[in-house]
Structure formats: C-alpha cells, structure tokens
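Next comes run_19.pdb, with PDB, C-alpha atoms.
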ATOM      1  CA  MET A   1      85.186 106.112  65.292  1.00  0.00           C
ATOM      2  CA  SER A   2      87.604 106.448  62.394  1.00  0.00           C
ATOM      3  CA  GLY A   3      90.568 107.365  64.581  1.00  0.00           C
ATOM      4  CA  TYR A   4      89.650 104.578  66.973  1.00  0.00           C
ATOM      5  CA  LEU A   5      89.713 102.048  64.128  1.00  0.00           C
ATOM      6  CA  VAL A   6      93.094 103.323  62.948  1.00  0.00           C
ATOM      7  CA  ALA A   7      94.462 102.790  66.484  1.00  0.00           C
ATOM      8  CA  ALA A   8      92.932  99.287  66.463  1.00  0.00           C
ATOM      9  CA  PHE A   9      94.683  98.484  63.170  1.00  0.00           C
ATOM     10  CA  LEU A  10      97.961  99.724  64.635  1.00  0.00           C
ATOM     11  CA  VAL A  11      97.597  97.442  67.679  1.00  0.00           C
ATOM     12  CA  LEU A  12      96.829  94.455  65.438  1.00  0.00           C
ATOM     13  CA  THR A  13      99.812  95.316  63.229  1.00  0.00           C
ATOM     14  CA  LEU A  14     102.076  95.338  66.277  1.00  0.00           C
ATOM     15  CA  SER A  15     100.701  91.922  67.304  1.00  0.00           C
ATOM     16  CA  ALA A  16     101.278  90.579  63.796  1.00  0.00           C
ATOM     17  CA  LEU A  17     104.853  91.883  63.837  1.00  0.00           C
ATOM     18  CA  LEU A  18     105.492  90.018  67.114  1.00  0.00           C
ATOM     19  CA  CYS A  19     104.110  86.848  65.471  1.00  0.00           C
ATOM     20  CA  LEU A  20     106.323  87.366  62.415  1.00  0.00           C
ATOM     21  CA  TRP A  21     109.327  87.845  64.698  1.00  0.00           C
ATOM     22  CA  ARG A  22     108.544  84.455  66.232  1.00  0.00           C
ATOM     23  CA  VAL A  23     108.174  82.911  62.760  1.00  0.00           C
ATOM     24  CA  GLY A  24     111.628  84.151  61.822  1.00  0.00           C
ATOM     25  CA  ARG A  25     113.304  83.489  65.145  1.00  0.00           C
ATOM     26  CA  GLY A  26     111.573  80.319  66.401  1.00  0.00           C
ATOM     27  CA  PRO A  27     114.172  77.649  67.106  1.00  0.00           C
ATOM     28  CA  THR A  28     111.980  74.672  66.168  1.00  0.00           C
ATOM     29  CA  ALA A  29     109.383  73.970  63.497  1.00  0.00           C
ATOM     30  CA  PRO A  30     106.400  73.784  65.947  1.00  0.00           C
ATOM     31  CA  ASP A  31     107.163  77.355  67.083  1.00  0.00           C
ATOM     32  CA  ARG A  32     106.730  78.557  63.523  1.00  0.00           C
ATOM     33  CA  THR A  33     103.556  76.493  63.108  1.00  0.00           C
ATOM     34  CA  VAL A  34     102.000  78.057  66.219  1.00  0.00           C
ATOM     35  CA  ALA A  35     102.999  81.551  65.121  1.00  0.00           C
ATOM     36  CA  ILE A  36     101.440  81.048  61.673  1.00  0.00           C
ATOM     37  CA  ASP A  37      98.233  79.718  63.253  1.00  0.00           C
ATOM     38  CA  ILE A  38      97.990  82.769  65.524  1.00  0.00           C
ATOM     39  CA  LEU A  39      98.729  85.065  62.583  1.00  0.00           C
ATOM     40  CA  GLY A  40      95.699  83.545  60.819  1.00  0.00           C
ATOM     41  CA  THR A  41      93.513  84.254  63.857  1.00  0.00           C
ATOM     42  CA  LEU A  42      94.737  87.863  63.887  1.00  0.00           C
ATOM     43  CA  VAL A  43      93.825  88.221  60.218  1.00  0.00           C
ATOM     44  CA  VAL A  44      90.250  87.214  61.103  1.00  0.00           C
ATOM     45  CA  GLY A  45      90.135  90.142  63.548  1.00  0.00           C
ATOM     46  CA  VAL A  46      91.611  92.539  60.968  1.00  0.00           C
ATOM     47  CA  THR A  47      89.033  91.460  58.392  1.00  0.00           C
ATOM     48  CA  SER A  48      86.208  91.932  60.903  1.00  0.00           C
ATOM     49  CA  LEU A  49      87.357  95.482  61.667  1.00  0.00           C
ATOM     50  CA  PHE A  50      87.679  96.148  57.948  1.00  0.00           C
ATOM     51  CA  ALA A  51      84.060  95.040  57.453  1.00  0.00           C
ATOM     52  CA  LEU A  52      83.062  97.441  60.229  1.00  0.00           C
ATOM     53  CA  MET A  53      85.053 100.313  58.715  1.00  0.00           C
ATOM     54  CA  THR A  54      83.725  99.989  55.174  1.00  0.00           C
ATOM     55  CA  GLY A  55      80.227  98.787  56.081  1.00  0.00           C
ATOM     56  CA  GLN A  56      80.481  95.990  53.499  1.00  0.00           C
ATOM     57  CA  ASP A  57      79.378  92.719  55.066  1.00  0.00           C
ATOM     58  CA  PHE A  58      81.056  90.451  52.501  1.00  0.00           C
ATOM     59  CA  TYR A  59      84.390  90.950  54.253  1.00  0.00           C
ATOM     60  CA  MET A  60      83.002  88.679  56.981  1.00  0.00           C
ATOM     61  CA  ASN A  61      82.774  85.891  54.374  1.00  0.00           C
ATOM     62  CA  ILE A  62      86.527  86.227  53.942  1.00  0.00           C
ATOM     63  CA  ALA A  63      86.943  85.961  57.725  1.00  0.00           C
ATOM     64  CA  ILE A  64      84.891  82.739  57.890  1.00  0.00           C
ATOM     65  CA  ALA A  65      86.788  81.153  54.972  1.00  0.00           C
ATOM     66  CA  TRP A  66      90.126  82.240  56.454  1.00  0.00           C
ATOM     67  CA  ALA A  67      89.311  80.701  59.857  1.00  0.00           C
ATOM     68  CA  LEU A  68      88.367  77.345  58.333  1.00  0.00           C
ATOM     69  CA  ILE A  69      91.275  77.130  55.860  1.00  0.00           C
ATOM     70  CA  SER A  70      93.801  78.165  58.515  1.00  0.00           C
ATOM     71  CA  PHE A  71      92.497  75.291  60.653  1.00  0.00           C
ATOM     72  CA  VAL A  72      93.039  72.774  57.824  1.00  0.00           C
ATOM     73  CA  GLY A  73      96.552  74.073  57.204  1.00  0.00           C
ATOM     74  CA  THR A  74      97.501  73.867  60.881  1.00  0.00           C
ATOM     75  CA  ILE A  75      96.199  70.305  61.153  1.00  0.00           C
ATOM     76  CA  ALA A  76      98.227  69.300  58.079  1.00  0.00           C
ATOM     77  CA  LEU A  77     101.388  70.865  59.539  1.00  0.00           C
ATOM     78  CA  ALA A  78     100.790  69.130  62.886  1.00  0.00           C
ATOM     79  CA  LYS A  79     100.433  65.764  61.143  1.00  0.00           C
ATOM     80  CA  TYR A  80     103.646  66.459  59.253  1.00  0.00           C
ATOM     81  CA  LEU A  81     105.449  67.261  62.509  1.00  0.00           C
ATOM     82  CA  GLU A  82     104.222  64.032  64.033  1.00  0.00           C
ATOM     83  CA  GLY A  83     105.751  62.129  61.113  1.00  0.00           C
ATOM     84  CA  LYS A  84     102.549  60.442  60.015  1.00  0.00           C
ATOM     85  CA  PRO A  85     100.801  60.387  56.624  1.00  0.00           C
ATOM     86  CA  PHE A  86      97.882  62.780  56.307  1.00  0.00           C
ATOM     87  CA  ASP A  87      95.168  60.119  56.063  1.00  0.00           C
ATOM     88  CA  GLU A  88      95.933  58.421  59.369  1.00  0.00           C
TER      89      GLU A  88
ATOM     90  CA  MET B   1      74.740 102.957  73.317  1.00  0.00           C
ATOM     91  CA  ASN B   2      75.517 100.153  70.882  1.00  0.00           C
ATOM     92  CA  GLU B   3      78.509 102.066  69.563  1.00  0.00           C
ATOM     93  CA  THR B   4      79.943 102.552  73.058  1.00  0.00           C
ATOM     94  CA  LEU B   5      79.466  98.910  74.059  1.00  0.00           C
ATOM     95  CA  GLY B   6      80.911  97.638  70.763  1.00  0.00           C
ATOM     96  CA  GLY B   7      83.890  99.955  71.076  1.00  0.00           C
ATOM     97  CA  ILE B   8      84.622  98.739  74.606  1.00  0.00           C
ATOM     98  CA  LEU B   9      84.403  95.081  73.509  1.00  0.00           C
ATOM     99  CA  ILE B  10      86.705  95.717  70.539  1.00  0.00           C
ATOM    100  CA  GLY B  11      89.207  97.519  72.782  1.00  0.00           C
ATOM    101  CA  VAL B  12      89.339  94.678  75.328  1.00  0.00           C
ATOM    102  CA  GLY B  13      89.730  92.155  72.499  1.00  0.00           C
ATOM    103  CA  LEU B  14      92.617  94.147  71.060  1.00  0.00           C
ATOM    104  CA  LEU B  15      94.347  94.135  74.447  1.00  0.00           C
ATOM    105  CA  PHE B  16      93.932  90.348  74.684  1.00  0.00           C
ATOM    106  CA  ASP B  17      95.406  89.963  71.181  1.00  0.00           C
ATOM    107  CA  LEU B  18      98.374  92.158  72.036  1.00  0.00           C
ATOM    108  CA  PHE B  19      99.114  90.373  75.326  1.00  0.00           C
ATOM    109  CA  GLY B  20      98.793  86.974  73.676  1.00  0.00           C
ATOM    110  CA  CYS B  21     101.320  87.947  71.009  1.00  0.00           C
ATOM    111  CA  ILE B  22     103.692  89.371  73.634  1.00  0.00           C
ATOM    112  CA  GLY B  23     103.443  85.993  75.393  1.00  0.00           C
ATOM    113  CA  LEU B  24     104.129  84.239  72.100  1.00  0.00           C
ATOM    114  CA  ALA B  25     107.272  86.286  71.650  1.00  0.00           C
ATOM    115  CA  ARG B  26     108.543  86.193  75.238  1.00  0.00           C
ATOM    116  CA  LEU B  27     107.823  82.788  76.832  1.00  0.00           C
ATOM    117  CA  PRO B  28     110.574  80.174  77.010  1.00  0.00           C
ATOM    118  CA  ASP B  29     109.418  77.050  75.167  1.00  0.00           C
ATOM    119  CA  ILE B  30     106.894  75.839  72.604  1.00  0.00           C
ATOM    120  CA  TYR B  31     104.299  74.573  75.092  1.00  0.00           C
ATOM    121  CA  ASN B  32     104.199  77.831  77.068  1.00  0.00           C
ATOM    122  CA  ARG B  33     104.002  79.852  73.866  1.00  0.00           C
ATOM    123  CA  LEU B  34     101.191  77.626  72.625  1.00  0.00           C
ATOM    124  CA  GLN B  35      99.066  78.056  75.714  1.00  0.00           C
ATOM    125  CA  ALA B  36      99.670  81.808  75.933  1.00  0.00           C
ATOM    126  CA  GLY B  37      99.150  82.479  72.269  1.00  0.00           C
ATOM    127  CA  THR B  38      96.216  80.246  71.447  1.00  0.00           C
ATOM    128  CA  LYS B  39      93.950  81.027  74.382  1.00  0.00           C
ATOM    129  CA  CYS B  40      94.540  84.775  74.563  1.00  0.00           C
ATOM    130  CA  VAL B  41      94.343  85.369  70.821  1.00  0.00           C
ATOM    131  CA  THR B  42      91.235  83.202  70.380  1.00  0.00           C
ATOM    132  CA  LEU B  43      89.423  85.069  73.170  1.00  0.00           C
ATOM    133  CA  GLY B  44      90.617  88.437  71.868  1.00  0.00           C
ATOM    134  CA  THR B  45      89.493  87.770  68.308  1.00  0.00           C
ATOM    135  CA  CYS B  46      86.134  86.445  69.520  1.00  0.00           C
ATOM    136  CA  MET B  47      85.652  89.661  71.508  1.00  0.00           C
ATOM    137  CA  ILE B  48      86.501  91.734  68.425  1.00  0.00           C
ATOM    138  CA  LEU B  49      83.893  89.765  66.461  1.00  0.00           C
ATOM    139  CA  ILE B  50      81.246  90.224  69.178  1.00  0.00           C
ATOM    140  CA  GLY B  51      82.126  93.915  69.346  1.00  0.00           C
ATOM    141  CA  SER B  52      81.685  94.229  65.577  1.00  0.00           C
ATOM    142  CA  ALA B  53      78.302  92.497  65.808  1.00  0.00           C
ATOM    143  CA  VAL B  54      77.152  94.769  68.649  1.00  0.00           C
ATOM    144  CA  TYR B  55      78.440  97.883  66.923  1.00  0.00           C
ATOM    145  CA  ALA B  56      76.761  97.123  63.589  1.00  0.00           C
ATOM    146  CA  GLY B  57      73.434  96.057  65.108  1.00  0.00           C
ATOM    147  CA  PHE B  58      71.316  93.158  63.876  1.00  0.00           C
ATOM    148  CA  GLY B  59      71.958  92.436  60.218  1.00  0.00           C
ATOM    149  CA  PRO B  60      74.063  90.333  57.844  1.00  0.00           C
ATOM    150  CA  LEU B  61      77.356  91.529  59.350  1.00  0.00           C
ATOM    151  CA  ALA B  62      76.325  90.567  62.890  1.00  0.00           C
ATOM    152  CA  VAL B  63      75.071  87.130  61.841  1.00  0.00           C
ATOM    153  CA  LYS B  64      78.277  86.390  59.944  1.00  0.00           C
ATOM    154  CA  ALA B  65      80.397  87.637  62.842  1.00  0.00           C
ATOM    155  CA  VAL B  66      78.647  85.274  65.273  1.00  0.00           C
ATOM    156  CA  LEU B  67      79.029  82.394  62.789  1.00  0.00           C
ATOM    157  CA  CYS B  68      82.735  83.168  62.399  1.00  0.00           C
ATOM    158  CA  MET B  69      83.105  83.241  66.186  1.00  0.00           C
ATOM    159  CA  VAL B  70      81.523  79.785  66.477  1.00  0.00           C
ATOM    160  CA  PHE B  71      83.895  78.382  63.843  1.00  0.00           C
ATOM    161  CA  LEU B  72      86.873  79.942  65.604  1.00  0.00           C
ATOM    162  CA  LEU B  73      85.856  78.517  68.984  1.00  0.00           C
ATOM    163  CA  LEU B  74      85.396  75.066  67.424  1.00  0.00           C
ATOM    164  CA  THR B  75      88.626  74.904  65.415  1.00  0.00           C
ATOM    165  CA  SER B  76      91.226  76.744  67.499  1.00  0.00           C
ATOM    166  CA  PRO B  77      91.519  74.290  70.462  1.00  0.00           C
ATOM    167  CA  VAL B  78      91.665  71.312  68.095  1.00  0.00           C
ATOM    168  CA  ALA B  79      94.496  72.897  66.122  1.00  0.00           C
ATOM    169  CA  ALA B  80      96.423  73.779  69.297  1.00  0.00           C
ATOM    170  CA  HIS B  81      96.009  70.252  70.644  1.00  0.00           C
ATOM    171  CA  ALA B  82      97.257  68.734  67.379  1.00  0.00           C
ATOM    172  CA  VAL B  83     100.282  71.027  67.283  1.00  0.00           C
ATOM    173  CA  ALA B  84     101.188  70.228  70.915  1.00  0.00           C
ATOM    174  CA  ARG B  85     100.946  66.497  70.243  1.00  0.00           C
ATOM    175  CA  GLY B  86     102.964  66.805  67.049  1.00  0.00           C
ATOM    176  CA  ALA B  87     105.642  68.839  68.829  1.00  0.00           C
ATOM    177  CA  TYR B  88     105.907  66.297  71.637  1.00  0.00           C
ATOM    178  CA  ARG B  89     106.051  63.339  69.271  1.00  0.00           C
ATOM    179  CA  SER B  90     108.680  65.014  67.099  1.00  0.00           C
ATOM    180  CA  GLY B  91     110.969  65.210  70.131  1.00  0.00           C
ATOM    181  CA  VAL B  92     110.822  68.851  71.250  1.00  0.00           C
ATOM    182  CA  ARG B  93     111.959  68.950  74.876  1.00  0.00           C
ATOM    183  CA  LEU B  94     110.172  70.745  77.675  1.00  0.00           C
ATOM    184  CA  TRP B  95     111.718  73.849  79.176  1.00  0.00           C
ATOM    185  CA  PRO B  96     114.054  72.743  82.045  1.00  0.00           C
ATOM    186  CA  GLY B  97     111.994  74.780  84.531  1.00  0.00           C
ATOM    187  CA  SER B  98     108.846  72.733  83.845  1.00  0.00           C
ATOM    188  CA  VAL B  99     107.752  70.793  86.901  1.00  0.00           C
ATOM    189  CA  VAL B 100     105.389  68.117  85.532  1.00  0.00           C
ATOM    190  CA  ASP B 101     105.037  66.060  82.335  1.00  0.00           C
ATOM    191  CA  ARG B 102     101.736  64.193  82.466  1.00  0.00           C
ATOM    192  CA  TYR B 103     102.053  62.909  78.907  1.00  0.00           C
ATOM    193  CA  ALA B 104     105.296  61.041  79.651  1.00  0.00           C
ATOM    194  CA  GLU B 105     103.800  59.647  82.885  1.00  0.00           C
ATOM    195  CA  LYS B 106     100.814  58.313  80.983  1.00  0.00           C
ATOM    196  CA  ALA B 107     102.764  56.958  78.004  1.00  0.00           C
ATOM    197  CA  GLY B 108     105.383  55.218  80.164  1.00  0.00           C
ATOM    198  CA  PRO B 109     109.113  55.760  80.615  1.00  0.00           C
ATOM    199  CA  SER B 110     109.923  55.693  76.893  1.00  0.00           C
ATOM    200  CA  VAL B 111     111.871  58.617  75.513  1.00  0.00           C
ATOM    201  CA  PRO B 112     109.537  60.939  73.596  1.00  0.00           C
ATOM    202  CA  GLY B 113     110.424  61.234  69.974  1.00  0.00           C
ATOM    203  CA  ASP B 114     112.587  58.116  69.976  1.00  0.00           C
ATOM    204  CA  PRO B 115     111.333  55.909  67.097  1.00  0.00           C
ATOM    205  CA  ALA B 116     112.576  52.624  68.630  1.00  0.00           C
ATOM    206  CA  ALA B 117     110.808  53.314  71.920  1.00  0.00           C
ATOM    207  CA  ARG B 118     107.670  54.324  70.069  1.00  0.00           C
ATOM    208  CA  ASP B 119     107.639  51.064  68.070  1.00  0.00           C
ATOM    209  CA  ARG B 120     108.199  49.048  71.232  1.00  0.00           C
ATOM    210  CA  SER B 121     105.330  50.680  73.063  1.00  0.00           C
ATOM    211  CA  ALA B 122     103.105  50.213  70.021  1.00  0.00           C
ATOM    212  CA  LYS B 123     103.800  46.470  69.838  1.00  0.00           C
ATOM    213  CA  GLU B 124     103.269  45.714  73.523  1.00  0.00           C
ATOM    214  CA  PRO B 125      99.629  45.648  74.604  1.00  0.00           C
ATOM    215  CA  SER B 126      98.977  48.392  77.099  1.00  0.00           C
ATOM    216  CA  ASP B 127      97.690  47.580  80.584  1.00  0.00           C
ATOM    217  CA  ASP B 128      94.429  49.442  80.405  1.00  0.00           C
ATOM    218  CA  ALA B 129      93.381  47.988  77.038  1.00  0.00           C
TER     219      ALA B 129
END
What does this structure look like when you write it as structure tokens?
Amino acid sequence: MSGYLVAAFLVLTLSALLCLWRVGRGPTAPDRTVAIDILGTLVVGVTSLFALMTGQDFYMNIAIAWALISFVGTIALAKYLEGKPFDE
Amino acid sequence: MNETLGGILIGVGLLFDLFGCIGLARLPDIYNRLQAGTKCVTLGTCMILIGSAVYAGFGPLAVKAVLCMVFLLLTSPVAAHAVARGAYRSGVRLWPGSVVDRYAEKAGPSVPGDPAARDRSAKEPSDDA
C-alpha cells in the first residue's frame, strides 16, 4: 500500500503542476481563478490520502476546512471579476 | 476486500483528477476549461474520499470523508457557476469555434461586458417581468 500511495501522490503532484502552469500562463483573470479553485480541490484529495497514510483522522478536518474556505475565496474572486461589491 | 475496493476507487479518482487537469491545461478558452476542470476534478476528489472511507472502514476517518464529500458536492458547482458568470460579465469572449451562446440570446443583443449596454438593459423593464 505504501508504494501505491507514493504513486498516488506523484499523480496528484503532476495534476497540481498542470494547474500551476495554467495559473502562470492563463491569459485572463478568470483562468487563474478557475485554476486556483481546482488546486484547492486537489489539496482536499492530497489531505485525504495523507490521513489514510498516517492513520490520523484529524487530517480530514483540514480537508473539510479547506473545501469550505476555498469556496468562500472563489466566490469573492468571482464577485470581484463581475465588478460588483461583495455584499450584493 | 475493503483494501482492494478502496484502492480501485482511489485509482479511478486519481485518473479523473489527472484528466481534468490535462483538460484545464489544454482546452482553448475559459468556459471549456471551467467545464473540464470543475466536473472531472470534483468527481475525482469525491472518489478519492469514498475510497479513503472504504479503505479505512467505519470510523471517524470515514465519517469525516463522507462529510467532506458532501461539502465538496454542494460548493463546487456554485463556485463554478459564479466564476462563469463573472467571466462573462467582465467581457471575456467565447472561443471563435463555439457554436451557441444561450446567455447572450437570453439577455438580448447587448454586448457582454459593455457597461453602457448593461445599464440600458437594467433600466428598461424586461418582457417577462
């Protein structure tokens, strides 16, 4: 199982590198926003595998908090792109 | 048995994540990237979470993984929808190969992202109101 988890981390690292390439390259601001949102979702998967590898279940708390806070950040960026104040 | 099933679920989820990120890097415009990235990566991460829950068996880790999956399924489509709307309103054009633009058909012939047109359409009462 250990080697399998190392391969899983490598696949997720490759995915995260593709996202980071889009963050750096992306011609418009919404491209970067989408890439950052997807990077947050990938981090949830990494944290879940880390909980499985170490057997410590509190890493899943980090995953839950990360999912919710990433959502708030993406909504704030989308409102900013739309050109509206945040309370509308 | 549980280990095998959890490993298979985690492997399929990893493949979905990888293909979603390849789509994010390769597709031509923001709307295509959004639909490739968001759907594939949400499904892939949910499968990784289910695989973790199955692998670990019933316990705190499995309960938290299912809770995290529910939050992800609730928040990810809302975020993608908001980003697509924000991108359209901020004037990002569709890829020239796109064949249909339902949002422009519904909102009328005004130029998307043009502030004057947006003010005009906001002042006039719409037909279906």
Kindly provide the residues of chain A that approach region 28-37 of chain B to within 9 Å, each paired with its closest atom pair and their distance in Å to one decimal, based on all atoms listed in the file, listed by chain and increasing number, as CSV.
residue,atom,partner,partner_atom,distance
A:Gly26,CA,B:Ile30,CA,9.0
A:Thr28,CA,B:Ile30,CA,8.3
A:Pro30,CA,B:Ile30,CA,7.0
A:Asp31,CA,B:Ile30,CA,5.7
A:Val34,CA,B:Leu34,CA,6.5
A:Ala35,CA,B:Gly37,CA,8.2
A:Ile38,CA,B:Gly37,CA,6.9
Which residue of A:Ala7, A:Leu18, A:Ala63, A:Val23 approaches Thr45 (chain B) most closely, using only C-alpha atoms: A:Ala63
Interface, chain A side, toward chain B (6 Å; all atoms listed in the file) as a count of residues only: 11
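Residue nearest Gly6 (chain B), chosen from B:Leu73, B:Val54, B:Ala104, B:Leu43 and counting only C-alpha atoms: B:Val54.
Closest approach to Leu39 (chain A) among A:Tyr80, A:Phe58, A:Trp21, A:Tyr4: A:Trp21, based on only C-alpha atoms.
Checking A:Ala65, A:Ala16, A:Ala8, A:Ala76 one by one against Leu9 (chain B), counting all atoms listed in the file, you find the shortest gap at A:Ala8.
Between CA of Trp66 (chain A) and CA of Ala51 (chain A) the separation is 14.2 Å.
In this model, the gap between CA of Leu68 (chain A) and CA of Gly40 (chain A) comes to 9.9 Å.
Taking CA of Tyr103 (chain B) as the reference point, CA of Gly83 (chain A) is found at 18.2 Å.
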Where atoms are lacking, region 21-51 of chain B completed to N, CA and C atoms, as a PDB file, keeping the file's coordinate frame:
ATOM      1  N   CYS B  21     100.160  87.940  71.909  1.00  0.00           N
ATOM      2  CA  CYS B  21     101.320  87.947  71.009  1.00  0.00           C
ATOM      3  C   CYS B  21     102.595  88.287  71.761  1.00  0.00           C
ATOM      4  N   ILE B  22     102.501  89.125  72.806  1.00  0.00           N
ATOM      5  CA  ILE B  22     103.692  89.371  73.634  1.00  0.00           C
ATOM      6  C   ILE B  22     104.119  88.070  74.314  1.00  0.00           C
ATOM      7  N   GLY B  23     103.116  87.291  74.812  1.00  0.00           N
ATOM      8  CA  GLY B  23     103.443  85.993  75.393  1.00  0.00           C
ATOM      9  C   GLY B  23     104.063  85.060  74.380  1.00  0.00           C
ATOM     10  N   LEU B  24     103.556  85.084  73.154  1.00  0.00           N
ATOM     11  CA  LEU B  24     104.129  84.239  72.100  1.00  0.00           C
ATOM     12  C   LEU B  24     105.582  84.601  71.833  1.00  0.00           C
ATOM     13  N   ALA B  25     105.904  85.880  71.947  1.00  0.00           N
ATOM     14  CA  ALA B  25     107.272  86.286  71.650  1.00  0.00           C
ATOM     15  C   ALA B  25     108.196  86.090  72.840  1.00  0.00           C
ATOM     16  N   ARG B  26     107.671  86.111  74.080  1.00  0.00           N
ATOM     17  CA  ARG B  26     108.543  86.193  75.238  1.00  0.00           C
ATOM     18  C   ARG B  26     108.726  84.888  76.011  1.00  0.00           C
ATOM     19  N   LEU B  27     107.765  83.952  75.949  1.00  0.00           N
ATOM     20  CA  LEU B  27     107.823  82.788  76.832  1.00  0.00           C
ATOM     21  C   LEU B  27     108.894  81.795  76.382  1.00  0.00           C
ATOM     22  N   PRO B  28     109.335  80.899  77.278  1.00  0.00           N
ATOM     23  CA  PRO B  28     110.574  80.174  77.010  1.00  0.00           C
ATOM     24  C   PRO B  28     110.477  78.985  76.052  1.00  0.00           C
ATOM     25  N   ASP B  29     109.396  78.199  76.075  1.00  0.00           N
ATOM     26  CA  ASP B  29     109.418  77.050  75.167  1.00  0.00           C
ATOM     27  C   ASP B  29     108.086  76.922  74.427  1.00  0.00           C
ATOM     28  N   ILE B  30     108.016  75.933  73.535  1.00  0.00           N
ATOM     29  CA  ILE B  30     106.894  75.839  72.604  1.00  0.00           C
ATOM     30  C   ILE B  30     105.567  75.637  73.324  1.00  0.00           C
ATOM     31  N   TYR B  31     105.573  74.870  74.431  1.00  0.00           N
ATOM     32  CA  TYR B  31     104.299  74.573  75.092  1.00  0.00           C
ATOM     33  C   TYR B  31     103.751  75.805  75.815  1.00  0.00           C
ATOM     34  N   ASN B  32     104.651  76.580  76.443  1.00  0.00           N
ATOM     35  CA  ASN B  32     104.199  77.831  77.068  1.00  0.00           C
ATOM     36  C   ASN B  32     103.688  78.818  76.032  1.00  0.00           C
ATOM     37  N   ARG B  33     104.429  78.924  74.920  1.00  0.00           N
ATOM     38  CA  ARG B  33     104.002  79.852  73.866  1.00  0.00           C
ATOM     39  C   ARG B  33     102.643  79.438  73.315  1.00  0.00           C
ATOM     40  N   LEU B  34     102.454  78.130  73.176  1.00  0.00           N
ATOM     41  CA  LEU B  34     101.191  77.626  72.625  1.00  0.00           C
ATOM     42  C   LEU B  34     100.035  77.992  73.532  1.00  0.00           C
ATOM     43  N   GLN B  35     100.205  77.806  74.836  1.00  0.00           N
ATOM     44  CA  GLN B  35      99.066  78.056  75.714  1.00  0.00           C
ATOM     45  C   GLN B  35      98.825  79.549  75.891  1.00  0.00           C
ATOM     46  N   ALA B  36      99.895  80.362  75.846  1.00  0.00           N
ATOM     47  CA  ALA B  36      99.670  81.808  75.933  1.00  0.00           C
ATOM     48  C   ALA B  36      99.020  82.315  74.662  1.00  0.00           C
ATOM     49  N   GLY B  37      99.616  81.930  73.529  1.00  0.00           N
ATOM     50  CA  GLY B  37      99.150  82.479  72.269  1.00  0.00           C
ATOM     51  C   GLY B  37      97.755  82.043  71.908  1.00  0.00           C
ATOM     52  N   THR B  38      97.491  80.731  71.962  1.00  0.00           N
ATOM     53  CA  THR B  38      96.216  80.246  71.447  1.00  0.00           C
ATOM     54  C   THR B  38      95.036  80.768  72.253  1.00  0.00           C
ATOM     55  N   LYS B  39      95.124  80.657  73.585  1.00  0.00           N
ATOM     56  CA  LYS B  39      93.950  81.027  74.382  1.00  0.00           C
ATOM     57  C   LYS B  39      93.698  82.524  74.338  1.00  0.00           C
ATOM     58  N   CYS B  40      94.746  83.332  74.542  1.00  0.00           N
ATOM     59  CA  CYS B  40      94.540  84.775  74.563  1.00  0.00           C
ATOM     60  C   CYS B  40      94.061  85.280  73.217  1.00  0.00           C
ATOM     61  N   VAL B  41      94.674  84.799  72.123  1.00  0.00           N
ATOM     62  CA  VAL B  41      94.343  85.369  70.821  1.00  0.00           C
ATOM     63  C   VAL B  41      92.967  84.893  70.366  1.00  0.00           C
ATOM     64  N   THR B  42      92.587  83.657  70.728  1.00  0.00           N
ATOM     65  CA  THR B  42      91.235  83.202  70.380  1.00  0.00           C
ATOM     66  C   THR B  42      90.185  84.041  71.110  1.00  0.00           C
ATOM     67  N   LEU B  43      90.384  84.255  72.414  1.00  0.00           N
ATOM     68  CA  LEU B  43      89.423  85.069  73.170  1.00  0.00           C
ATOM     69  C   LEU B  43      89.391  86.500  72.649  1.00  0.00           C
ATOM     70  N   GLY B  44      90.570  87.062  72.350  1.00  0.00           N
ATOM     71  CA  GLY B  44      90.617  88.437  71.868  1.00  0.00           C
ATOM     72  C   GLY B  44      89.910  88.597  70.538  1.00  0.00           C
ATOM     73  N   THR B  45      90.146  87.658  69.614  1.00  0.00           N
ATOM     74  CA  THR B  45      89.493  87.770  68.308  1.00  0.00           C
ATOM     75  C   THR B  45      87.989  87.540  68.421  1.00  0.00           C
ATOM     76  N   CYS B  46      87.573  86.638  69.319  1.00  0.00           N
ATOM     77  CA  CYS B  46      86.134  86.445  69.520  1.00  0.00           C
ATOM     78  C   CYS B  46      85.502  87.711  70.086  1.00  0.00           C
ATOM     79  N   MET B  47      86.223  88.418  70.968  1.00  0.00           N
ATOM     80  CA  MET B  47      85.652  89.661  71.508  1.00  0.00           C
ATOM     81  C   MET B  47      85.590  90.740  70.444  1.00  0.00           C
ATOM     82  N   ILE B  48      86.573  90.772  69.537  1.00  0.00           N
ATOM     83  CA  ILE B  48      86.501  91.734  68.425  1.00  0.00           C
ATOM     84  C   ILE B  48      85.286  91.431  67.551  1.00  0.00           C
ATOM     85  N   LEU B  49      85.041  90.131  67.309  1.00  0.00           N
ATOM     86  CA  LEU B  49      83.893  89.765  66.461  1.00  0.00           C
ATOM     87  C   LEU B  49      82.577  90.129  67.148  1.00  0.00           C
ATOM     88  N   ILE B  50      82.470  89.848  68.459  1.00  0.00           N
ATOM     89  CA  ILE B  50      81.246  90.224  69.178  1.00  0.00           C
ATOM     90  C   ILE B  50      81.080  91.736  69.175  1.00  0.00           C
ATOM     91  N   GLY B  51      82.205  92.464  69.364  1.00  0.00           N
ATOM     92  CA  GLY B  51      82.126  93.915  69.346  1.00  0.00           C
ATOM     93  C   GLY B  51      81.672  94.445  68.001  1.00  0.00           C
TER      94      GLY B  51
END
